[in-house]
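Trainee: Mind looking over this structure? Questions follow.
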Amino acid sequence: MSDVVERTLTALPSLLSSDPSPGRPSSTSKLGTLIRGITELTSKHDEEKLIQRELVSIKEQVSSPNTTMRQMKELMVRAVYCEMLGYEASFSYIHAIKLAQQGTALDKRVGYLAVSLFLNESHELLLLLVNTVLKDLQSTNLIEVCMALTVVGQVFPKDMIPAILPMVEEKLNHPKEIIRRKAVLALYKFYLIAPNQVQHIHSKFRKALCDKDPGVMSASLHIYLEMVTEKPESYKDLVVSFVTILKQVVGGKLPIDFNYHSVPAPWLQIQLLRILSLLGKNDRSTSEMMYEVLDESLRRAEMNHNITYGLKALTYVVQQDANLALQHQMTIIECLDHADLIIKRETLELLFRITNGQNVKVIVEKLLEFLRHSKDDYVTIDLGGKVTELAEKYAPDNSWFIRTMNTVFLLVGDQMQPDIPNSFLRLLSEGFESAEEDQQLRLLAVDSYVSLLQEQPARLPQRFLQVISWVLGEYSSVKEGLEPATVLRLLAPLLDLRHCSSETKSWVLAAMTKLSAGPACLSVAQELAERHGGSLDTTLRQRLHELQHLASDGELLRRVLPCSDGLEPLEVDSTLSFLDGFVSEALAAGAAPYKPPHQRQEELAQEKALSVEPYGLSLPLSLSSSSIAGRLSPTVLSMSSGLSGNSTELSPKGGSALRLEGVTRVWGKEGYLAKAALKPEEAAKTEVPCPLSVLQEGGSAPRTPVVSLPAPAPGPSLQAEREKQQLASCLFMGLGSQGAAGPCLMGKAEPTRHGFRKKVKGQGSSSGARGPSGDSASSSPSPLSAQSAMDNLLCSSPLDSGSTPSPADSAPSPADSAPSPADSATSPADPAPHLPHDLPANNRPCDAQEDLTEDTDTSETVVEGNSVAVVDPYDPEPLCLSPHLPEELCGLPRSEIRPLCRDASLVLSACCVRTDHSSLLVVFVSNASDSAARRFALQMTSGDLEVSRVRGGPEEEEEHVEGHSVAVYQYSLVPTRPSVHMELAGRASYQRPDGEPQSTPFSYGLSLPDFIRPLSVSTEEYGRLWLASSNDIKQNLALLSQEPDPLRATLHRLRDRLQLNVVDIIASEGIVACQLLQGPPCLMHCRLNAGCLAVWLRSSLPELPDCLLYHCQRALAQH
Amino acid sequence: MINAILIFNNHGKPRLIRFYQYFAEELQQQIIRETFHLVSKRDDNVCNFLEGGSLIGGSDYKLIYRHYATLYFVFCVDSSESELGILDLIQVFVETLDKCFENVCELDLIFHMDKVHYILQEVVMGGMVLETNMNEIVAQVELQNRMEKSEGGLSAAPARAVSAVKNMNLPEMPRNINIGDLNIKVPSLSPF
């Protein structure tokens, strides 16, 4: 190729000499010379030299005042070329911007192109472009507008979006399609980078969806796809429109231009199908609206022949109907041997989906084979997880399971997802229904690990070593004739391995500690202590010390690590009452009383005025050494026991530490969590399968050997064919109709085929002192749950009981995190979104408007079904409710009383009252009927707010609202995280006089200003706070310029509308402070700048400035 | 969203590079090299989609490419894009180039890098597919060309030069990019 180019280029100058003006340097020859120069060179080094020379010459020329615009354009293209080859030409950036600013339309085009190639969104030079873009957006030249919109879509500083937003919005109504299309995409880009900024134009997106130009409509689908992905339930009303559009596309109603190789607008179809699939997910009624058109599209779509795509499709389809895979089995076999790895992987993915109890062996074998040769980390991790899942689900027998897991541990190594070893250990410890099976499984594991350690322990990955040590420590007693000392001797060499991490060593030592009974062990322990006693690792030294201590004292060992069957839960006194005597003694002796950690933090913060947050946690750590040193004040003691949990939090997340996610948490902040943790498991237990029946079923089915010896082969090709067929019969076993009764497929697994998964033994399952899951200190180096007991032992504290609870301050356990109220709960009473009724009905591709109106009807009928009428928000009636406002709330700022919902007898209205320290939602329940509404109750939930009942009435469950009266309920609202708008969903339920229970949903929208309070600080304090806050944004706001003192007027407007405190106004600058209710402050610095108000917001909460800014803009926009 | 569009020749020389997501210059070159390395090893009859690369976006990242004579057209996209859609989009882009340059070849891309960028801007804007209708794209490009012609002058020279070069008799030179049989949607089919 290069010589072709070369020859071409030698021919160039002669051609160019025919240039109309030969006297001037030809622009092409320069780029041509450069390209020719590069192709002539042989080494990368030469190329670099040449380009550097070139760049120097470009630099000279661009900064010379004599360079014409035309030359500038050519120089810019050369600079772009150099950048493409990877050489920085940053000096030209500013010139690219100049070119875009000053030149004619054509110069601008080069300038804009260079800018969009050179700069990224956060580059500061881009600010210089804002005015140019503004100017070009207003230009009458279509091409200039197009260029401006393009550059806005490619690179535009996020902070400057508000400056051009109105202009871009305006372009949505432009008569030219291309402009509208680009404007829609630019807005989509804004939506992606700053969703808050474009919230108010959602209705315009709807208009774009109904545009008469298919191009504009399809551009708007980008936005809808994004928005529907985020929040499908808000766009259900558009399903009909999307279906209509798709119907027309599929029906070939679009202009012929949109056909691509005789398929009507395939991109549009893909986009629409994706949106529909999101909308129809888990929603039968919505899905039903689509079936017809989906069927039609499917029918018209040509069968596609690209294998990967076919496989992908098959993979998805198979989830619904496994028999489909049967029809293609030979193809799938072919693909397994395909040279292309990508196709192979897709095939394995498919196989993974069709695995059942009968074909699991073959399929896992295939997966492992691929795993052996895989070099890609991502693939390895992914496949490792899949094999584990299959093995746990469908394992035909114990020894196969252990063997498979060993292979996975070996092959995947330390990249493995941490939950794999965890769930494996959990499986071993919790066992199944039959104790016999459990013992067999453990025995097999111990057997295989002993032999692995005898062979080449140095090769084993860390994770595997940890698993091995734990299993041996726990279960080596299962194997008869295996002396603990033998196991100790097997484990001891692991400590000498160089690649063995200190975490693994801790696991090994913990295992050894569990086994260290008898004189033989003592000698091993002493030997170890001698060899490693000088280790720099303190944890290691401590473990060694414990080991030595416990090995010499068998009595103590039995008490600390009781050798029960490991399944009785420990009785734990979480209040530590047995220490009461000790504490009172210490207090009497003058010790300081215990303070909880948060209190200590606070005090510490007060003592030193410095921010101690980053170092705060080091406090308990530094004390830990003193606790071991034997100072016996109760404060220190309880701290040190809390420490076992605390220290884990300090370790970096996602490190190599073993995380016990997915493992039952027995220890939590409150101590032993048995009850809470067991609840979900009990639920799971109801469908726990009997492993025996599984095995029998599997056993009775015809089983073909995996790789059978072929019968006398007639010919090699035939034989290969036969092997394939045999493989096929193995792989697809149990998939056909006869198998349909038994096997389960991914996604709709029958509970009776669970294999190993989720088998939980009754109450005591979450193992006691010796269980791996017992230790909530998940990444703590010690897998021993009795760790704190040992800590205390070393302090030789007088203990009443052998085991001490460790009130670990670990991360909230899964049981703690109660399902948060779904913020997506939209109630049917929610007034239907306002639809663009005023749209012109001339749009052909989209009868959306009709459909939309139709849809409002349906929403109303649905609502009536619930016997709730949609309340007109402008109904004046509820206004007379204000006298019912509680006395103490009168005179406080509040929002208007808005109706929430109503039914035959009750009307609910609400308003939000702002007190200094809280925001109250006051709900008025007016009963207009003659009879009382009995057992009236209100429930409210919100994703963004914490709702708690304040007062009113004695007990919640037994409240009546008498006829012709108004009951008032108050709820305190605290935002959990700031957002621009917050939604509260609730439900009022009561009994009608006839005893019929009645329930009415409602929702109430709040906005951030409801939770903003002025923050009064002095200017000095403000300065300190300013430096302490980190998250900041800058933005230009509109100024109320017609006022005599614009800055003051603007700030006062903000103060009045948003409850901000204007701290100080100095000349052209002003500082403003506010505070989120029960949250951090937000500071705002304003400065007059070129007719705008340049504001700079800071807060310790990242979302707060963004949201507040939005409301500032709103407040200044309204007049 | 499309993260990057890379066009390079059989030797890995970049011919057009367009990133829609910010990467440092160093990383850009690394991505180009890695992509070339991945793509060039593959036979013409294997699948056009690649997954699981590590540089742009990790597992949520796909490479979709087509190989035309001396050039590779590679689109790096995230999971929100359809593979087949992008594969066809490449075809649309190349067919558009073919229309705009009349028998497009690698030289056109070298000497008219800026023009190719302008055409691309009408197809993909800021990483989002703007237009798939070929006639519409060509119309937009022509609109701009007309403006250019009205300015006239020197800028017309390079086009003349290159078309003259094209008509020279260069035996080994690939005359034009083979866009393949247009009736077949995906030229690199494997027999099913």
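Note on naming: chains are A, B, ... as they come in the structure tokens, residues start from 1 per chain, ligands start from 1 in the order shown.
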If we count only C-alpha atoms and set the cut-off at 6 Å, which residues sit around Leu908 in chain A, ignoring sequence neighbours fewer than 2 positions away in its own chain? Please answer as a PyMOL selection string.

Mentor: chain A and resi 899-902+924-925

Trainee: Restricting the output to N, CA, C and O atoms, write the selected residues as a JSON list (two decimals), in the first residue's frame.

Mentor:
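selection-v8.json written:
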[["chain", "number", "residue", "atom", "x", "y", "z"],
["A", 899, "PRO", "N", -55.83, 19.71, 47.15],
["A", 899, "PRO", "CA", -56.58, 18.46, 47.33],
["A", 899, "PRO", "C", -55.70, 17.27, 46.96],
["A", 899, "PRO", "O", -54.94, 17.34, 46.00],
["A", 900, "LEU", "N", -55.80, 16.21, 47.72],
["A", 900, "LEU", "CA", -55.03, 15.00, 47.42],
["A", 900, "LEU", "C", -55.90, 14.01, 46.66],
["A", 900, "LEU", "O", -55.53, 13.52, 45.61],
["A", 901, "CYS", "N", -57.03, 13.69, 47.23],
["A", 901, "CYS", "CA", -57.91, 12.75, 46.57],
["A", 901, "CYS", "C", -59.26, 12.86, 47.25],
["A", 901, "CYS", "O", -59.40, 13.48, 48.29],
["A", 902, "ARG", "N", -60.23, 12.27, 46.64],
["A", 902, "ARG", "CA", -61.55, 12.27, 47.27],
["A", 902, "ARG", "C", -62.30, 11.04, 46.84],
["A", 902, "ARG", "O", -62.01, 10.46, 45.80],
["A", 924, "PHE", "N", -55.60, 17.25, 55.79],
["A", 924, "PHE", "CA", -56.95, 17.50, 56.28],
["A", 924, "PHE", "C", -57.86, 16.42, 55.72],
["A", 924, "PHE", "O", -57.89, 16.21, 54.51],
["A", 925, "VAL", "N", -58.56, 15.76, 56.58],
["A", 925, "VAL", "CA", -59.51, 14.75, 56.12],
["A", 925, "VAL", "C", -60.89, 15.28, 56.41],
["A", 925, "VAL", "O", -61.30, 15.38, 57.56]]

Trainee: With a distance cut-off of 9 Å and only C-alpha atoms, select the neighbouring residues of range 18-30 of chain B, excluding the residue or stretch itself and same-chain residues fewer than 3 positions from it, and output the selection as a count of residues only.

Mentor: 28

Trainee: Report as a PyMOL selection string: the residues of range 65-155 of chain B with a DSSP assignment of helix (DSSP H, G or I), based on the backbone of this structure.

Mentor: chain B and resi 83-101+106-111+113-123+134-151+153-155

Trainee: Please provide as a ChimeraX atom specification all residues within 12 Å of range 481-491 of chain A, with the sequence filter that same-chain residues fewer than 2 positions apart are discarded (counting only C-alpha atoms).

Mentor: /A:443,446-447,449-458,465-466,468-479,493-497,504-528,547,551

Trainee: Only C-alpha atoms, please: the residues just picked out, written as an mmCIF file, in the first residue's frame.

Mentor:
data_model
loop_
_atom_site.group_PDB
_atom_site.id
_atom_site.type_symbol
_atom_site.label_atom_id
_atom_site.label_comp_id
_atom_site.auth_asym_id
_atom_site.auth_seq_id
_atom_site.Cartn_x
_atom_site.Cartn_y
_atom_site.Cartn_z
ATOM 1 C CA LEU A 443 -15.414 -35.969 54.084
ATOM 2 C CA VAL A 446 -11.323 -32.980 53.426
ATOM 3 C CA ASP A 447 -10.009 -35.946 51.475
ATOM 4 C CA TYR A 449 -7.815 -31.097 50.144
ATOM 5 C CA VAL A 450 -5.456 -33.294 52.092
ATOM 6 C CA SER A 451 -4.256 -34.849 48.883
ATOM 7 C CA LEU A 452 -3.960 -31.442 47.229
ATOM 8 C CA LEU A 453 -1.817 -30.176 50.078
ATOM 9 C CA GLN A 454 0.343 -33.242 49.878
ATOM 10 C CA GLU A 455 1.026 -32.587 46.231
ATOM 11 C CA GLN A 456 1.859 -29.023 45.400
ATOM 12 C CA PRO A 457 0.399 -26.492 47.753
ATOM 13 C CA ALA A 458 2.584 -23.746 46.333
ATOM 14 C CA LEU A 465 -5.890 -21.923 50.230
ATOM 15 C CA GLN A 466 -8.251 -19.996 52.451
ATOM 16 C CA ILE A 468 -8.874 -25.345 52.229
ATOM 17 C CA SER A 469 -7.668 -24.085 55.589
ATOM 18 C CA TRP A 470 -11.133 -23.334 56.777
ATOM 19 C CA VAL A 471 -12.518 -26.694 55.733
ATOM 20 C CA LEU A 472 -9.623 -28.572 57.254
ATOM 21 C CA GLY A 473 -9.871 -26.573 60.458
ATOM 22 C CA GLU A 474 -13.552 -27.211 60.723
ATOM 23 C CA TYR A 475 -14.051 -30.697 59.404
ATOM 24 C CA SER A 476 -10.840 -32.677 59.437
ATOM 25 C CA SER A 477 -12.245 -34.480 62.450
ATOM 26 C CA VAL A 478 -14.863 -36.007 60.131
ATOM 27 C CA LYS A 479 -12.264 -38.232 58.595
ATOM 28 C CA PRO A 493 4.383 -25.216 55.299
ATOM 29 C CA LEU A 494 1.804 -22.843 53.847
ATOM 30 C CA LEU A 495 3.094 -20.189 56.217
ATOM 31 C CA ASP A 496 6.466 -20.422 54.555
ATOM 32 C CA LEU A 497 5.161 -19.831 51.064
ATOM 33 C CA THR A 504 -4.285 -16.305 53.920
ATOM 34 C CA LYS A 505 -1.783 -16.899 56.687
ATOM 35 C CA SER A 506 -4.352 -15.742 59.174
ATOM 36 C CA TRP A 507 -6.813 -18.244 57.781
ATOM 37 C CA VAL A 508 -4.233 -20.979 58.036
ATOM 38 C CA LEU A 509 -3.354 -20.088 61.602
ATOM 39 C CA ALA A 510 -6.996 -19.881 62.586
ATOM 40 C CA ALA A 511 -7.516 -23.368 61.205
ATOM 41 C CA MET A 512 -4.518 -24.603 63.110
ATOM 42 C CA THR A 513 -5.805 -23.040 66.296
ATOM 43 C CA LYS A 514 -9.021 -24.975 65.956
ATOM 44 C CA LEU A 515 -7.116 -28.212 65.620
ATOM 45 C CA SER A 516 -4.480 -27.641 68.216
ATOM 46 C CA ALA A 517 -5.343 -30.274 70.765
ATOM 47 C CA GLY A 518 -2.870 -32.748 72.109
ATOM 48 C CA PRO A 519 0.856 -32.769 72.794
ATOM 49 C CA ALA A 520 1.824 -33.444 69.186
ATOM 50 C CA CYS A 521 0.184 -30.244 68.180
ATOM 51 C CA LEU A 522 1.894 -28.315 70.893
ATOM 52 C CA SER A 523 5.259 -29.152 69.446
ATOM 53 C CA VAL A 524 4.177 -27.994 66.004
ATOM 54 C CA ALA A 525 2.816 -24.813 67.519
ATOM 55 C CA GLN A 526 6.015 -24.122 69.358
ATOM 56 C CA GLU A 527 8.066 -24.804 66.303
ATOM 57 C CA LEU A 528 5.959 -22.339 64.357
ATOM 58 C CA LEU A 547 -2.207 -20.744 68.921
ATOM 59 C CA ALA A 551 -2.404 -25.558 72.256
#

Trainee: If I take CA of Arg558 in chain A and CA of Glu436 in chain A, how far is one from the other in Å, to one decimal?

Mentor: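 CA of Arg558 in chain A sits 25.4 Å away from CA of Glu436 in chain A.
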
Trainee: Residues of range 66-104 of chain B classed as strand (DSSP E) by DSSP on the backbone are to be reported as an MDAnalysis selection string.

Mentor: chainID B and resid 66:68 71:78

Trainee: Let me see the file: selected residues, N, CA and C atoms, as a PDB file, in the first residue's frame.

Mentor:
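Printed below is selection.pdb as written:
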ATOM      1  N   ARG B  66     -16.234  -3.521  10.126  1.00  0.00           N
ATOM      2  CA  ARG B  66     -16.319  -4.088   8.784  1.00  0.00           C
ATOM      3  C   ARG B  66     -14.995  -3.815   8.098  1.00  0.00           C
ATOM      4  N   HIS B  67     -14.642  -4.718   7.248  1.00  0.00           N
ATOM      5  CA  HIS B  67     -13.384  -4.604   6.543  1.00  0.00           C
ATOM      6  C   HIS B  67     -13.685  -4.429   5.059  1.00  0.00           C
ATOM      7  N   TYR B  68     -13.248  -3.305   4.511  1.00  0.00           N
ATOM      8  CA  TYR B  68     -13.443  -3.055   3.086  1.00  0.00           C
ATOM      9  C   TYR B  68     -12.074  -2.906   2.444  1.00  0.00           C
ATOM     10  N   LEU B  71      -9.303  -0.943   4.139  1.00  0.00           N
ATOM     11  CA  LEU B  71      -9.673  -0.177   5.336  1.00  0.00           C
ATOM     12  C   LEU B  71     -10.544  -0.973   6.304  1.00  0.00           C
ATOM     13  N   TYR B  72     -10.311  -0.728   7.584  1.00  0.00           N
ATOM     14  CA  TYR B  72     -11.204  -1.235   8.613  1.00  0.00           C
ATOM     15  C   TYR B  72     -12.039  -0.081   9.143  1.00  0.00           C
ATOM     16  N   PHE B  73     -13.326  -0.280   9.211  1.00  0.00           N
ATOM     17  CA  PHE B  73     -14.213   0.694   9.860  1.00  0.00           C
ATOM     18  C   PHE B  73     -14.667   0.075  11.175  1.00  0.00           C
ATOM     19  N   VAL B  74     -14.268   0.681  12.276  1.00  0.00           N
ATOM     20  CA  VAL B  74     -14.595   0.099  13.575  1.00  0.00           C
ATOM     21  C   VAL B  74     -15.421   1.088  14.389  1.00  0.00           C
ATOM     22  N   PHE B  75     -16.545   0.635  14.877  1.00  0.00           N
ATOM     23  CA  PHE B  75     -17.363   1.457  15.780  1.00  0.00           C
ATOM     24  C   PHE B  75     -17.297   0.840  17.173  1.00  0.00           C
ATOM     25  N   CYS B  76     -16.928   1.641  18.148  1.00  0.00           N
ATOM     26  CA  CYS B  76     -16.941   1.159  19.531  1.00  0.00           C
ATOM     27  C   CYS B  76     -18.218   1.688  20.181  1.00  0.00           C
ATOM     28  N   VAL B  77     -19.060   0.814  20.632  1.00  0.00           N
ATOM     29  CA  VAL B  77     -20.349   1.257  21.176  1.00  0.00           C
ATOM     30  C   VAL B  77     -20.586   0.631  22.538  1.00  0.00           C
ATOM     31  N   ASP B  78     -21.517   1.186  23.281  1.00  0.00           N
ATOM     32  CA  ASP B  78     -21.864   0.570  24.557  1.00  0.00           C
ATOM     33  C   ASP B  78     -23.087  -0.329  24.354  1.00  0.00           C
TER      34      ASP B  78
END

Trainee: Report as a PDB file with C-alpha atoms, in the first residue's frame all protein, DNA and RNA residues lying within 10 Å of Tyr112 in chain A, evaluated on only C-alpha atoms, omitting residues in the same chain fewer than 4 positions from it.

Mentor:
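Here's the written file around-v2.pdb:
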ATOM      1  CA  ALA A  96      -9.241  26.610  16.214  1.00  0.00           C
ATOM      2  CA  ILE A  97     -11.556  28.558  18.470  1.00  0.00           C
ATOM      3  CA  LYS A  98     -10.542  31.801  16.814  1.00  0.00           C
ATOM      4  CA  LEU A  99     -11.282  30.331  13.446  1.00  0.00           C
ATOM      5  CA  ALA A 100     -14.736  29.322  14.593  1.00  0.00           C
ATOM      6  CA  GLN A 101     -15.288  32.773  16.029  1.00  0.00           C
ATOM      7  CA  LEU A 106     -16.593  27.744   5.686  1.00  0.00           C
ATOM      8  CA  ASP A 107     -13.832  28.807   8.033  1.00  0.00           C
ATOM      9  CA  LYS A 108     -16.160  28.248  10.901  1.00  0.00           C
ATOM     10  CA  SER A 116     -14.774  19.210  18.542  1.00  0.00           C
ATOM     11  CA  LEU A 117     -11.838  16.952  17.771  1.00  0.00           C
ATOM     12  CA  PHE A 118      -9.339  18.694  20.003  1.00  0.00           C
ATOM     13  CA  LEU A 129     -16.799  29.269  22.311  1.00  0.00           C
ATOM     14  CA  VAL A 133     -22.288  29.312  19.479  1.00  0.00           C
ATOM     15  CA  MET A 147     -22.819  23.710  12.736  1.00  0.00           C
ATOM     16  CA  ALA A 148     -23.557  25.345  16.055  1.00  0.00           C
ATOM     17  CA  THR A 150     -23.554  19.940  15.964  1.00  0.00           C
ATOM     18  CA  VAL A 151     -20.818  21.356  18.111  1.00  0.00           C
ATOM     19  CA  VAL A 152     -23.271  21.699  20.981  1.00  0.00           C
TER      20      VAL A 152
END

Trainee: Tell me, as a PyMOL selection string, which residues lie within 12 Å of Leu120 in chain B, counting only C-alpha atoms; anything in the same chain fewer than 2 positions away does not count.

Mentor: (chain A and resi 113+150) or (chain B and resi 4-7+16-18+89-90+92-97+100+109+113-118+122-132+134+137-138+140-141)

Trainee: Would you compute the distance between CA of Arg53 in chain A and CA of Phe8 in chain B? Give it in Å to one decimal.

Mentor: 24.1 Å

Trainee: Find the distance between CA of Val77 in chain A and CA of Asn10 in chain B and write it in Å to one decimal.

Mentor: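 Spanning CA of Val77 in chain A to CA of Asn10 in chain B is a straight-line distance of 23.4 Å.
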
Trainee: Rank A:Arg426, A:Arg1024, A:Arg36, A:Arg935 by their smallest atom-to-atom distance to chain B, using only C-alpha atoms, and report the top residue only.

Mentor: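 Checking each candidate against chain B, we get A:Arg36 as the closest.
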
Trainee: Between A:Gln1113, A:Gln271, A:Gln548, A:Gln462, which one has atoms that come closest to chain B, using only C-alpha atoms?

Mentor: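 Among the listed residues, A:Gln271 lies closest to chain B.
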
Trainee: Using only C-alpha atoms, determine which residues lie at most 6 Å from Arg1098 in chain A, disregarding the query and same-chain residues fewer than 3 positions distant; provide the list as an MDAnalysis selection string.

Mentor: chainID A and resid 1029 1031:1032 1082:1083

Trainee: Residues within 9 Å of Phe370 in chain A, please, as JSON, numbers by chain. Count only C-alpha atoms; anything in the same chain fewer than 3 positions from it doesn't count.

Mentor: {"A": [344, 345, 348, 365, 366, 367, 373, 374, 383]}

Trainee: May I have the selected residues written with N, CA and C atoms, as a PDB file, in the first residue's frame?

Mentor:
ATOM      1  N   LYS A 344     -17.901 -19.161  20.086  1.00  0.00           N
ATOM      2  CA  LYS A 344     -17.813 -20.232  21.072  1.00  0.00           C
ATOM      3  C   LYS A 344     -18.400 -19.772  22.398  1.00  0.00           C
ATOM      4  N   ARG A 345     -18.066 -18.550  22.752  1.00  0.00           N
ATOM      5  CA  ARG A 345     -18.543 -18.076  24.054  1.00  0.00           C
ATOM      6  C   ARG A 345     -20.047 -17.905  24.072  1.00  0.00           C
ATOM      7  N   LEU A 348     -21.570 -21.209  24.551  1.00  0.00           N
ATOM      8  CA  LEU A 348     -21.523 -21.673  25.938  1.00  0.00           C
ATOM      9  C   LEU A 348     -22.600 -20.969  26.773  1.00  0.00           C
ATOM     10  N   GLU A 365     -18.432 -29.679  31.777  1.00  0.00           N
ATOM     11  CA  GLU A 365     -17.157 -30.110  31.209  1.00  0.00           C
ATOM     12  C   GLU A 365     -16.743 -29.182  30.066  1.00  0.00           C
ATOM     13  N   LYS A 366     -17.725 -28.832  29.210  1.00  0.00           N
ATOM     14  CA  LYS A 366     -17.440 -27.928  28.081  1.00  0.00           C
ATOM     15  C   LYS A 366     -16.999 -26.552  28.585  1.00  0.00           C
ATOM     16  N   LEU A 367     -17.705 -26.083  29.589  1.00  0.00           N
ATOM     17  CA  LEU A 367     -17.380 -24.753  30.122  1.00  0.00           C
ATOM     18  C   LEU A 367     -15.971 -24.752  30.707  1.00  0.00           C
ATOM     19  N   HIS A 373      -8.548 -22.664  28.584  1.00  0.00           N
ATOM     20  CA  HIS A 373      -7.798 -21.985  27.531  1.00  0.00           C
ATOM     21  C   HIS A 373      -8.043 -20.487  27.491  1.00  0.00           C
ATOM     22  N   SER A 374      -8.929 -20.043  28.332  1.00  0.00           N
ATOM     23  CA  SER A 374      -9.271 -18.623  28.276  1.00  0.00           C
ATOM     24  C   SER A 374      -8.145 -17.776  28.859  1.00  0.00           C
ATOM     25  N   LEU A 383     -17.182 -16.993  33.513  1.00  0.00           N
ATOM     26  CA  LEU A 383     -17.421 -18.423  33.386  1.00  0.00           C
ATOM     27  C   LEU A 383     -17.292 -19.134  34.729  1.00  0.00           C
TER      28      LEU A 383
END
